[in-house]
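Colleague: target14.cif is reproduced in full below (mmCIF, C-alpha atoms).
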data_entry
loop_
_atom_site.group_PDB
_atom_site.id
_atom_site.type_symbol
_atom_site.label_atom_id
_atom_site.label_comp_id
_atom_site.auth_asym_id
_atom_site.auth_seq_id
_atom_site.Cartn_x
_atom_site.Cartn_y
_atom_site.Cartn_z
ATOM 1 C CA MET A 3 73.672 75.891 -101.852
ATOM 2 C CA ASN A 4 75.153 79.382 -101.314
ATOM 3 C CA ARG A 5 77.177 81.380 -103.804
ATOM 4 C CA SER A 6 80.629 80.338 -102.485
ATOM 5 C CA ARG A 7 79.651 76.677 -102.677
ATOM 6 C CA TRP A 8 78.524 77.107 -106.267
ATOM 7 C CA PHE A 9 81.827 78.812 -107.026
ATOM 8 C CA PHE A 10 83.759 75.983 -105.394
ATOM 9 C CA LEU A 11 81.813 73.397 -107.332
ATOM 10 C CA LEU A 12 82.348 75.247 -110.607
ATOM 11 C CA ALA A 13 86.075 75.657 -109.932
ATOM 12 C CA ALA A 14 86.349 71.964 -109.058
ATOM 13 C CA LEU A 15 84.571 70.973 -112.248
ATOM 14 C CA MET A 16 86.840 73.202 -114.326
ATOM 15 C CA ALA A 17 89.930 71.793 -112.622
ATOM 16 C CA GLY A 18 88.625 68.309 -113.267
ATOM 17 C CA ALA A 19 88.045 69.116 -116.931
ATOM 18 C CA THR A 20 91.628 70.306 -117.234
ATOM 19 C CA ALA A 21 93.220 67.494 -115.284
ATOM 20 C CA TYR A 22 91.121 64.589 -116.437
ATOM 21 C CA GLY A 23 89.219 65.628 -119.527
ATOM 22 C CA GLU A 24 89.883 64.590 -123.079
ATOM 23 C CA ASP A 25 90.638 68.188 -123.923
ATOM 24 C CA THR A 26 93.697 68.296 -121.708
ATOM 25 C CA PRO A 27 96.261 70.532 -123.454
ATOM 26 C CA ALA A 28 99.197 68.780 -125.062
ATOM 27 C CA THR A 29 101.604 70.054 -122.413
ATOM 28 C CA ASN A 30 99.737 68.216 -119.677
ATOM 29 C CA GLU A 31 99.071 65.141 -121.671
ATOM 30 C CA GLY A 32 100.563 61.929 -120.480
ATOM 31 C CA GLU A 33 100.841 63.083 -116.908
ATOM 32 C CA ARG A 34 98.340 60.494 -115.753
ATOM 33 C CA MET A 35 98.865 56.788 -116.092
ATOM 34 C CA PRO A 36 96.528 55.263 -118.680
ATOM 35 C CA ALA A 37 93.399 54.065 -116.903
ATOM 36 C CA GLY A 38 93.143 50.388 -116.076
ATOM 37 C CA TYR A 39 96.616 49.457 -117.316
ATOM 38 C CA ARG A 40 97.166 47.015 -114.418
ATOM 39 C CA ASP A 41 94.333 44.892 -115.853
ATOM 40 C CA TRP A 42 95.838 44.649 -119.333
ATOM 41 C CA LYS A 43 96.978 41.391 -120.886
ATOM 42 C CA LEU A 44 100.525 40.137 -120.638
ATOM 43 C CA ILE A 45 102.971 40.638 -123.495
ATOM 44 C CA SER A 46 106.099 39.251 -121.836
ATOM 45 C CA VAL A 47 108.467 39.388 -118.868
ATOM 46 C CA ALA A 48 112.127 40.357 -118.394
ATOM 47 C CA HIS A 49 114.883 40.862 -115.863
ATOM 48 C CA GLU A 50 117.471 43.629 -115.750
ATOM 49 C CA GLU A 51 120.646 43.172 -113.746
ATOM 50 C CA GLY A 52 123.044 45.992 -112.845
ATOM 51 C CA GLY A 53 121.855 49.303 -111.492
ATOM 52 C CA LEU A 54 118.252 48.599 -112.411
ATOM 53 C CA ASN A 55 118.177 45.207 -110.642
ATOM 54 C CA ASP A 56 114.520 44.690 -111.396
ATOM 55 C CA ILE A 57 112.077 42.126 -112.726
ATOM 56 C CA ARG A 58 109.464 43.309 -115.183
ATOM 57 C CA ALA A 59 106.203 42.597 -116.877
ATOM 58 C CA ILE A 60 105.120 44.141 -120.136
ATOM 59 C CA LEU A 61 101.361 44.537 -120.570
ATOM 60 C CA GLY A 62 99.360 45.853 -123.495
ATOM 61 C CA ASN A 63 95.929 47.284 -124.113
ATOM 62 C CA ASP A 64 93.771 45.375 -126.599
ATOM 63 C CA ALA A 65 95.077 47.303 -129.617
ATOM 64 C CA ALA A 66 98.660 46.507 -128.655
ATOM 65 C CA ILE A 67 97.958 42.849 -127.826
ATOM 66 C CA ASN A 68 96.150 42.326 -131.124
ATOM 67 C CA ALA A 69 99.069 43.802 -133.035
ATOM 68 C CA PHE A 70 101.549 41.569 -131.204
ATOM 69 C CA ARG A 71 99.455 38.456 -131.754
ATOM 70 C CA THR A 72 98.832 39.059 -135.409
ATOM 71 C CA GLY A 73 102.298 40.430 -136.092
ATOM 72 C CA GLY A 74 100.747 43.393 -137.832
ATOM 73 C CA LEU A 75 103.290 46.198 -137.671
ATOM 74 C CA PRO A 76 103.329 49.113 -137.326
ATOM 75 C CA PHE A 77 101.223 49.262 -134.174
ATOM 76 C CA PRO A 78 97.928 51.087 -134.736
ATOM 77 C CA ASP A 79 97.211 54.477 -133.209
ATOM 78 C CA GLY A 80 95.719 53.901 -129.783
ATOM 79 C CA ALA A 81 98.023 51.013 -128.936
ATOM 80 C CA ILE A 82 99.598 51.381 -125.495
ATOM 81 C CA ILE A 83 102.354 49.246 -124.012
ATOM 82 C CA ALA A 84 103.001 49.335 -120.252
ATOM 83 C CA ARG A 85 106.249 48.171 -118.683
ATOM 84 C CA LEU A 86 105.945 47.549 -114.950
ATOM 85 C CA ALA A 87 109.089 46.938 -112.878
ATOM 86 C CA TRP A 88 109.653 45.737 -109.342
ATOM 87 C CA ARG A 89 112.795 45.302 -107.265
ATOM 88 C CA TYR A 90 114.401 41.905 -107.889
ATOM 89 C CA VAL A 91 114.432 40.071 -104.565
ATOM 90 C CA PRO A 92 115.189 36.500 -103.469
ATOM 91 C CA SER A 93 112.297 34.399 -102.194
ATOM 92 C CA ASP A 94 113.069 32.401 -99.037
ATOM 93 C CA LYS A 95 109.818 30.456 -99.257
ATOM 94 C CA ASN A 96 110.382 29.468 -102.858
ATOM 95 C CA ASN A 97 114.005 28.532 -102.130
ATOM 96 C CA LYS A 98 112.817 26.255 -99.352
ATOM 97 C CA ALA A 99 110.447 24.556 -101.803
ATOM 98 C CA PHE A 100 113.173 24.078 -104.398
ATOM 99 C CA GLY A 101 115.781 23.046 -101.822
ATOM 100 C CA ARG A 102 118.315 25.619 -103.004
ATOM 101 C CA ALA A 103 118.779 29.374 -103.413
ATOM 102 C CA GLN A 104 117.535 29.894 -106.954
ATOM 103 C CA SER A 105 114.305 31.803 -106.745
ATOM 104 C CA PHE A 106 113.772 35.522 -107.343
ATOM 105 C CA VAL A 107 110.484 37.356 -107.226
ATOM 106 C CA ALA A 108 109.034 40.849 -107.542
ATOM 107 C CA GLY A 109 109.620 43.138 -104.558
ATOM 108 C CA PRO A 110 108.330 46.697 -104.188
ATOM 109 C CA PRO A 111 107.439 48.466 -107.458
ATOM 110 C CA THR A 112 110.098 50.776 -108.911
ATOM 111 C CA ASN A 113 108.516 52.491 -111.909
ATOM 112 C CA VAL A 114 106.091 52.069 -114.781
ATOM 113 C CA GLN A 115 106.813 53.118 -118.358
ATOM 114 C CA PHE A 116 104.351 53.578 -121.184
ATOM 115 C CA MET A 117 104.600 53.738 -124.949
ATOM 116 C CA ILE A 118 101.515 55.397 -126.390
ATOM 117 C CA LYS A 119 101.027 55.248 -130.143
ATOM 118 C CA ASP A 120 99.757 58.241 -132.084
ATOM 119 C CA SER A 121 101.602 58.379 -135.364
ATOM 120 C CA LYS A 122 100.768 62.018 -136.092
ATOM 121 C CA ARG A 123 100.997 63.568 -132.676
ATOM 122 C CA TYR A 124 104.284 61.898 -131.747
ATOM 123 C CA ALA A 125 105.776 61.728 -135.229
ATOM 124 C CA ALA A 126 109.081 63.156 -133.937
ATOM 125 C CA THR A 127 109.600 60.018 -131.808
ATOM 126 C CA GLY A 128 108.524 57.303 -134.214
ATOM 127 C CA GLY A 129 104.834 57.834 -133.495
ATOM 128 C CA TRP A 130 105.230 56.983 -129.815
ATOM 129 C CA LYS A 131 104.947 58.968 -126.639
ATOM 130 C CA LEU A 132 107.360 57.488 -124.108
ATOM 131 C CA ILE A 133 106.888 58.312 -120.450
ATOM 132 C CA GLN A 134 107.913 56.941 -117.073
ATOM 133 C CA PHE A 135 105.973 57.127 -113.817
ATOM 134 C CA GLU A 136 107.271 56.622 -110.313
ATOM 135 C CA ASP A 137 104.694 56.213 -107.599
ATOM 136 C CA THR A 138 101.993 57.264 -110.129
ATOM 137 C CA ARG A 139 103.768 60.589 -110.866
ATOM 138 C CA PRO A 140 105.513 61.336 -114.177
ATOM 139 C CA ALA A 141 109.226 61.126 -113.475
ATOM 140 C CA HIS A 142 110.921 60.838 -116.820
ATOM 141 C CA ALA A 143 108.891 62.401 -119.553
ATOM 142 C CA ASP A 144 111.621 63.240 -122.050
ATOM 143 C CA ALA A 145 110.383 61.063 -124.886
ATOM 144 C CA LYS A 146 113.358 61.989 -127.068
ATOM 145 C CA ALA A 147 115.845 60.662 -124.512
ATOM 146 C CA CYS A 148 113.916 57.371 -124.329
ATOM 147 C CA PHE A 149 113.576 57.279 -128.078
ATOM 148 C CA ALA A 150 117.348 57.511 -128.588
ATOM 149 C CA CYS A 151 117.561 53.828 -127.606
ATOM 150 C CA HIS A 152 114.318 52.696 -129.208
ATOM 151 C CA VAL A 153 115.721 53.508 -132.651
ATOM 152 C CA LEU A 154 117.713 50.282 -132.212
ATOM 153 C CA VAL A 155 114.488 48.407 -132.925
ATOM 154 C CA GLN A 156 113.073 50.617 -135.662
ATOM 155 C CA ASP A 157 112.297 47.451 -137.672
ATOM 156 C CA ARG A 158 109.892 46.422 -134.901
ATOM 157 C CA ASP A 159 108.183 49.810 -134.816
ATOM 158 C CA PHE A 160 110.561 50.889 -132.019
ATOM 159 C CA VAL A 161 109.298 48.268 -129.543
ATOM 160 C CA PHE A 162 111.866 46.076 -127.752
ATOM 161 C CA SER A 163 109.434 43.560 -126.287
ATOM 162 C CA ARG A 164 108.310 40.495 -128.172
ATOM 163 C CA TYR A 165 105.120 38.616 -127.410
ATOM 164 C CA SER A 166 105.581 35.442 -125.337
ATOM 165 C CA PRO A 167 103.006 32.746 -126.099
ATOM 166 C CA MET B 16 76.110 11.248 -146.721
ATOM 167 C CA ASN B 17 76.494 7.469 -146.555
ATOM 168 C CA ARG B 18 76.154 5.328 -143.459
ATOM 169 C CA SER B 19 79.889 5.148 -142.661
ATOM 170 C CA ARG B 20 80.161 8.929 -142.843
ATOM 171 C CA TRP B 21 77.252 9.318 -140.458
ATOM 172 C CA PHE B 22 78.922 6.860 -138.116
ATOM 173 C CA PHE B 23 82.193 8.776 -138.291
ATOM 174 C CA LEU B 24 80.419 12.054 -137.605
ATOM 175 C CA LEU B 25 78.561 10.572 -134.648
ATOM 176 C CA ALA B 26 81.742 9.046 -133.230
ATOM 177 C CA ALA B 27 83.576 12.347 -133.651
ATOM 178 C CA LEU B 28 80.783 14.218 -131.878
ATOM 179 C CA MET B 29 80.802 11.733 -128.995
ATOM 180 C CA ALA B 30 84.582 11.965 -128.732
ATOM 181 C CA GLY B 31 84.280 15.733 -128.696
ATOM 182 C CA ALA B 32 81.677 15.595 -125.968
ATOM 183 C CA THR B 33 84.011 13.488 -123.843
ATOM 184 C CA ALA B 34 87.134 15.490 -124.523
ATOM 185 C CA TYR B 35 85.724 18.986 -124.483
ATOM 186 C CA GLY B 36 82.292 18.883 -122.881
ATOM 187 C CA GLU B 37 81.376 20.126 -119.434
ATOM 188 C CA ASP B 38 80.372 16.588 -118.518
ATOM 189 C CA THR B 39 83.892 15.283 -118.853
ATOM 190 C CA PRO B 40 84.297 12.531 -116.238
ATOM 191 C CA ALA B 41 86.402 13.340 -113.183
ATOM 192 C CA THR B 42 89.238 11.097 -114.333
ATOM 193 C CA ASN B 43 89.739 13.198 -117.446
ATOM 194 C CA GLU B 44 89.268 16.480 -115.722
ATOM 195 C CA GLY B 45 92.126 18.877 -115.800
ATOM 196 C CA GLU B 46 93.566 17.405 -118.942
ATOM 197 C CA ARG B 47 92.767 20.530 -120.893
ATOM 198 C CA MET B 48 94.223 23.906 -120.106
ATOM 199 C CA PRO B 49 91.599 26.274 -118.698
ATOM 200 C CA ALA B 50 90.114 28.268 -121.566
ATOM 201 C CA GLY B 51 91.419 31.763 -122.147
ATOM 202 C CA TYR B 52 94.088 31.651 -119.450
ATOM 203 C CA ARG B 53 96.583 33.580 -121.616
ATOM 204 C CA ASP B 54 94.238 36.576 -121.421
ATOM 205 C CA TRP B 55 94.048 36.606 -117.625
ATOM 206 C CA LYS B 56 95.366 39.444 -115.484
ATOM 207 C CA LEU B 57 98.859 39.507 -114.061
ATOM 208 C CA ILE B 58 99.511 38.471 -110.472
ATOM 209 C CA SER B 59 103.307 38.689 -110.489
ATOM 210 C CA VAL B 60 106.568 37.592 -112.120
ATOM 211 C CA ALA B 61 109.553 35.490 -111.013
ATOM 212 C CA HIS B 62 112.832 33.969 -112.116
ATOM 213 C CA GLU B 63 114.207 30.522 -111.289
ATOM 214 C CA GLU B 64 117.894 29.811 -111.665
ATOM 215 C CA GLY B 65 119.423 26.329 -111.637
ATOM 216 C CA GLY B 66 117.975 23.479 -113.608
ATOM 217 C CA LEU B 67 114.756 25.332 -114.301
ATOM 218 C CA ASN B 68 116.529 28.432 -115.682
ATOM 219 C CA ASP B 69 113.270 30.125 -116.552
ATOM 220 C CA ILE B 70 111.430 33.411 -116.249
ATOM 221 C CA ARG B 71 107.775 33.283 -115.280
ATOM 222 C CA ALA B 72 104.525 35.119 -115.138
ATOM 223 C CA ILE B 73 101.700 34.237 -112.800
ATOM 224 C CA LEU B 74 98.220 35.083 -114.085
ATOM 225 C CA GLY B 75 94.836 34.671 -112.441
ATOM 226 C CA ASN B 76 91.228 34.436 -113.489
ATOM 227 C CA ASP B 77 88.912 37.100 -112.068
ATOM 228 C CA ALA B 78 88.086 35.090 -108.939
ATOM 229 C CA ALA B 79 91.794 34.644 -108.174
ATOM 230 C CA ILE B 80 92.710 38.267 -108.949
ATOM 231 C CA ASN B 81 89.909 39.589 -106.750
ATOM 232 C CA ALA B 82 91.063 37.403 -103.869
ATOM 233 C CA PHE B 83 94.659 38.606 -104.262
ATOM 234 C CA ARG B 84 93.637 42.254 -104.448
ATOM 235 C CA THR B 85 91.307 42.158 -101.482
ATOM 236 C CA GLY B 86 93.513 39.807 -99.467
ATOM 237 C CA GLY B 87 90.528 37.621 -98.807
ATOM 238 C CA LEU B 88 91.847 34.158 -98.042
ATOM 239 C CA PRO B 89 91.114 31.341 -98.541
ATOM 240 C CA PHE B 90 90.679 31.632 -102.307
ATOM 241 C CA PRO B 91 87.076 30.999 -103.381
ATOM 242 C CA ASP B 92 86.079 27.902 -105.306
ATOM 243 C CA GLY B 93 86.502 28.653 -108.993
ATOM 244 C CA ALA B 94 89.725 30.606 -108.527
ATOM 245 C CA ILE B 95 92.438 29.509 -110.954
ATOM 246 C CA ILE B 96 96.086 30.566 -110.929
ATOM 247 C CA ALA B 97 98.230 29.997 -114.026
ATOM 248 C CA ARG B 98 102.013 29.973 -113.898
ATOM 249 C CA LEU B 99 103.595 30.368 -117.355
ATOM 250 C CA ALA B 100 107.332 29.809 -117.766
ATOM 251 C CA TRP B 101 109.731 30.513 -120.612
ATOM 252 C CA ARG B 102 113.422 29.793 -121.066
ATOM 253 C CA TYR B 103 115.578 32.538 -119.558
ATOM 254 C CA VAL B 104 117.624 34.018 -122.384
ATOM 255 C CA PRO B 105 119.857 37.083 -122.770
ATOM 256 C CA SER B 106 118.650 39.882 -125.028
ATOM 257 C CA ASP B 107 121.288 41.296 -127.363
ATOM 258 C CA LYS B 108 119.071 44.166 -128.458
ATOM 259 C CA ASN B 109 118.280 45.198 -124.893
ATOM 260 C CA ASN B 110 121.934 44.892 -123.895
ATOM 261 C CA LYS B 111 122.855 47.206 -126.745
ATOM 262 C CA ALA B 112 120.331 49.741 -125.460
ATOM 263 C CA PHE B 113 121.636 49.543 -121.905
ATOM 264 C CA GLY B 114 125.279 49.502 -123.001
ATOM 265 C CA ARG B 115 126.107 46.382 -121.022
ATOM 266 C CA ALA B 116 125.140 42.703 -120.721
ATOM 267 C CA GLN B 117 122.390 42.873 -118.127
ATOM 268 C CA SER B 118 119.155 42.053 -119.866
ATOM 269 C CA PHE B 119 117.272 38.744 -119.846
ATOM 270 C CA VAL B 120 113.978 38.026 -121.513
ATOM 271 C CA ALA B 121 111.523 35.198 -122.134
ATOM 272 C CA GLY B 122 112.601 32.628 -124.718
ATOM 273 C CA PRO B 123 110.572 29.624 -125.875
ATOM 274 C CA PRO B 124 107.829 28.464 -123.485
ATOM 275 C CA THR B 125 108.725 25.557 -121.176
ATOM 276 C CA ASN B 126 105.554 24.652 -119.302
ATOM 277 C CA VAL B 127 102.376 26.024 -117.766
ATOM 278 C CA GLN B 128 101.098 25.066 -114.332
ATOM 279 C CA PHE B 129 97.643 25.619 -112.914
ATOM 280 C CA MET B 130 96.162 25.684 -109.429
ATOM 281 C CA ILE B 131 92.398 25.166 -109.618
ATOM 282 C CA LYS B 132 90.393 25.740 -106.452
ATOM 283 C CA ASP B 133 87.538 23.441 -105.488
ATOM 284 C CA SER B 134 87.612 22.980 -101.748
ATOM 285 C CA LYS B 135 85.461 19.854 -101.736
ATOM 286 C CA ARG B 136 86.672 18.066 -104.818
ATOM 287 C CA TYR B 137 90.364 18.546 -104.092
ATOM 288 C CA ALA B 138 90.150 18.481 -100.295
ATOM 289 C CA ALA B 139 93.066 16.019 -100.121
ATOM 290 C CA THR B 140 95.408 18.667 -101.565
ATOM 291 C CA GLY B 141 94.288 21.742 -99.680
ATOM 292 C CA GLY B 142 91.326 22.340 -101.977
ATOM 293 C CA TRP B 143 93.536 22.759 -105.037
ATOM 294 C CA LYS B 144 94.059 20.739 -108.165
ATOM 295 C CA LEU B 145 97.675 21.186 -109.263
ATOM 296 C CA ILE B 146 98.612 20.279 -112.809
ATOM 297 C CA GLN B 147 101.390 21.014 -115.283
ATOM 298 C CA PHE B 148 101.118 21.194 -119.062
ATOM 299 C CA GLU B 149 103.908 21.000 -121.592
ATOM 300 C CA ASP B 150 103.041 21.980 -125.123
ATOM 301 C CA THR B 151 99.332 22.022 -124.120
ATOM 302 C CA ARG B 152 99.465 18.389 -122.926
ATOM 303 C CA PRO B 153 99.250 17.383 -119.251
ATOM 304 C CA ALA B 154 102.766 16.361 -118.234
ATOM 305 C CA HIS B 155 102.832 16.354 -114.477
ATOM 306 C CA ALA B 156 99.426 15.704 -113.029
ATOM 307 C CA ASP B 157 100.356 14.231 -109.662
ATOM 308 C CA ALA B 158 98.755 16.897 -107.496
ATOM 309 C CA LYS B 159 100.033 15.252 -104.309
ATOM 310 C CA ALA B 160 103.652 15.549 -105.419
ATOM 311 C CA CYS B 161 103.137 19.252 -106.186
ATOM 312 C CA PHE B 162 101.248 19.740 -102.963
ATOM 313 C CA ALA B 163 104.129 18.369 -100.875
ATOM 314 C CA CYS B 164 105.887 21.723 -101.393
ATOM 315 C CA HIS B 165 102.804 23.930 -101.289
ATOM 316 C CA VAL B 166 102.225 22.972 -97.646
ATOM 317 C CA LEU B 167 105.112 25.364 -96.914
ATOM 318 C CA VAL B 168 102.672 28.206 -97.560
ATOM 319 C CA GLN B 169 99.594 26.764 -95.896
ATOM 320 C CA ASP B 170 99.041 30.140 -94.192
ATOM 321 C CA ARG B 171 98.559 31.669 -97.663
ATOM 322 C CA ASP B 172 96.099 28.990 -98.735
ATOM 323 C CA PHE B 173 98.985 27.019 -100.275
ATOM 324 C CA VAL B 174 99.825 29.714 -102.841
ATOM 325 C CA PHE B 175 103.449 30.848 -103.166
ATOM 326 C CA SER B 176 102.834 33.888 -105.346
ATOM 327 C CA ARG B 177 102.017 37.291 -103.929
ATOM 328 C CA TYR B 178 100.257 40.003 -105.882
ATOM 329 C CA SER B 179 102.550 42.711 -107.293
ATOM 330 C CA PRO B 180 100.879 46.139 -107.517
#
Would it be possible to restate this file's structure as structure tokens?

Modeller:
Amino acid sequence: MNRSRWFFLLAALMAGATAYGEDTPATNEGERMPAGYRDWKLISVAHEEGGLNDIRAILGNDAAINAFRTGGLPFPDGAIIARLAWRYVPSDKNNKAFGRAQSFVAGPPTNVQFMIKDSKRYAATGGWKLIQFEDTRPAHADAKACFACHVLVQDRDFVFSRYSP
Amino acid sequence: MNRSRWFFLLAALMAGATAYGEDTPATNEGERMPAGYRDWKLISVAHEEGGLNDIRAILGNDAAINAFRTGGLPFPDGAIIARLAWRYVPSDKNNKAFGRAQSFVAGPPTNVQFMIKDSKRYAATGGWKLIQFEDTRPAHADAKACFACHVLVQDRDFVFSRYSP
């Protein structure tokens, strides 16, 4: 391996350490979607009419799921809640099965939001980092703007969703 | 322990073996909900209007999820798909956050349906056992009645749901 290749490799490793390492500076933090979130367990589902016009699933990592199931609030540090949303679209096949137009399913994905609990680091927003991703890129990372509504459910540690058995 | 207690214990163990054992006869099969289904990964979500008036999540065991993600049809034997449904109810808290009445969430659970793939055993219904549970008890176990609609999606191995990324 010649000198320029070594340099390239070193630069790539350093870039990787910055972008993906645990020592990512606070300003970059949260810019990646938490790993493996699509495999997390289901908390609940919802539908938003109006401009959002989506259908949603709320998933949680094990720390979040355990807190929901045991009712132990506040959520522990490390808990992460993921809200996935898809366009709300009618299903012709399902309607045929039911014999009437009544069935709506998930269309293309719209965005994914996360609540990441770290009571010290995100103390200014109830202990939660709130961030939205569109097409895997952070699109709405102003946690304080999100938090302005989450104060409505301060008694539930700022989490709207309830666990559905 | 006296003789009647021993008899009771033995009878209880035999009953347990019949109800919960792996050697459950075919006629009883499917009367229990597949273990751990509430922890399975999410396939997609849906909403039914009309008489059903529910909001749903479709989960899959690993064999089902892998088939959905790789697009490899037909589903392999052992694949199980769970469809959980809850009453479709408005959310006052969410509506307050959004500033208008637009938000619907999962209320009390209504029923859970399963599709269990065993291409030989359930050959008469496309290789699937179809069964519905209400409050953990089998409530609608006539697979042929269910199957009458699933033939609409024979090209998708009789499965209505599509995987939502």

Colleague: Chain B near chain A within 7 Å: what's each residue's closest atom pair and its distance in Å to one decimal, counting all atoms listed in the file, ordered by chain then ascending residue number, as a tab-separated table?

Modeller:
residue	atom	partner	partner_atom	distance
B:Asp54	CA	A:Lys43	CA	5.6
B:Trp55	CA	A:Lys43	CA	6.5
B:Lys56	CA	A:Asp41	CA	5.6
B:Leu57	CA	A:Leu44	CA	6.8
B:Ser59	CA	A:Ala108	CA	6.8
B:Val60	CA	A:Ala108	CA	6.1
B:Ala61	CA	A:Val107	CA	4.3
B:His62	CA	A:Phe106	CA	5.1
B:Glu63	CA	A:Ser105	CA	4.7
B:Glu64	CA	A:Gln104	CA	4.7
B:Gly65	CA	A:Gln104	CA	6.2
B:Ala72	CA	A:Val47	CA	6.9
B:Ala112	CA	A:Cys151	CA	5.4
B:Gln117	CA	A:Glu51	CA	4.7
B:Ser118	CA	A:Glu50	CA	4.7
B:Phe119	CA	A:His49	CA	5.1
B:Val120	CA	A:Ala48	CA	4.3
B:Ala121	CA	A:Val47	CA	6.1
B:Pro124	CA	A:Pro167	CA	7.0
B:Cys164	CA	A:Ala99	CA	5.4
B:Ser179	CA	A:Ala108	CA	6.8
B:Pro180	CA	A:Pro111	CA	7.0

Colleague: I'd like the interatomic distance between CA of Lys132 (chain B) and CA of Gly62 (chain A), to a tenth of an Å.

Modeller: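 Calculated distance between CA of Lys132 (chain B) and CA of Gly62 (chain A) is 27.8 Å.
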
Colleague: Have a look at CA of Lys159 (chain B) and CA of Arg98 (chain B) and let me know their distance in Å, one decimal.

Modeller: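 Those two atoms sit 17.7 Å apart.
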
Colleague: Please evaluate the PyMOL selection byres ((chain B and resi 135-152) around 12) against the displayed coordinates and give the resulting residues as a PyMOL selection string.

Modeller: (chain A and resi 167) or (chain B and resi 41+44-50+52+89-101+123-134+153-174)

Colleague: Could you tell me how far CA of Gly51 (chain B) sits from CA of Phe83 (chain B), in Å to one decimal place?

Modeller: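 A separation of 19.4 Å between them.
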
Colleague: Could you rebuild region 102-114 of chain B with N, CA and C atoms and give me the result as an mmCIF file, in the frame of the given file?

Modeller:
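For reference, rebuild_11.cif as written:
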data_model
loop_
_atom_site.group_PDB
_atom_site.id
_atom_site.type_symbol
_atom_site.label_atom_id
_atom_site.label_comp_id
_atom_site.auth_asym_id
_atom_site.auth_seq_id
_atom_site.Cartn_x
_atom_site.Cartn_y
_atom_site.Cartn_z
ATOM 1 N N ARG B 102 111.971 29.869 -121.258
ATOM 2 C CA ARG B 102 113.422 29.793 -121.066
ATOM 3 C C ARG B 102 113.977 31.189 -120.847
ATOM 4 N N TYR B 103 114.961 31.265 -119.970
ATOM 5 C CA TYR B 103 115.578 32.538 -119.558
ATOM 6 C C TYR B 103 116.737 32.807 -120.493
ATOM 7 N N VAL B 104 116.597 33.794 -121.356
ATOM 8 C CA VAL B 104 117.624 34.018 -122.384
ATOM 9 C C VAL B 104 118.091 35.478 -122.384
ATOM 10 N N PRO B 105 119.366 35.710 -122.685
ATOM 11 C CA PRO B 105 119.857 37.083 -122.770
ATOM 12 C C PRO B 105 119.275 37.790 -123.991
ATOM 13 N N SER B 106 119.159 39.104 -123.903
ATOM 14 C CA SER B 106 118.650 39.882 -125.028
ATOM 15 C C SER B 106 119.745 40.792 -125.572
ATOM 16 N N ASP B 107 120.231 40.483 -126.755
ATOM 17 C CA ASP B 107 121.288 41.296 -127.363
ATOM 18 C C ASP B 107 120.815 42.721 -127.635
ATOM 19 N N LYS B 108 119.597 42.836 -128.129
ATOM 20 C CA LYS B 108 119.071 44.166 -128.458
ATOM 21 C C LYS B 108 118.967 45.029 -127.193
ATOM 22 N N ASN B 109 118.412 44.433 -126.133
ATOM 23 C CA ASN B 109 118.280 45.198 -124.893
ATOM 24 C C ASN B 109 119.654 45.560 -124.337
ATOM 25 N N ASN B 110 120.589 44.619 -124.408
ATOM 26 C CA ASN B 110 121.934 44.892 -123.895
ATOM 27 C C ASN B 110 122.585 46.051 -124.642
ATOM 28 N N LYS B 111 122.321 46.112 -125.946
ATOM 29 C CA LYS B 111 122.855 47.206 -126.745
ATOM 30 C C LYS B 111 122.269 48.538 -126.245
ATOM 31 N N ALA B 112 120.990 48.519 -125.942
ATOM 32 C CA ALA B 112 120.331 49.741 -125.460
ATOM 33 C C ALA B 112 120.901 50.184 -124.117
ATOM 34 N N PHE B 113 121.162 49.203 -123.247
ATOM 35 C CA PHE B 113 121.636 49.543 -121.905
ATOM 36 C C PHE B 113 123.158 49.728 -121.872
ATOM 37 N N GLY B 114 123.839 49.315 -122.942
ATOM 38 C CA GLY B 114 125.279 49.502 -123.001
ATOM 39 C C GLY B 114 126.078 48.491 -122.193
#
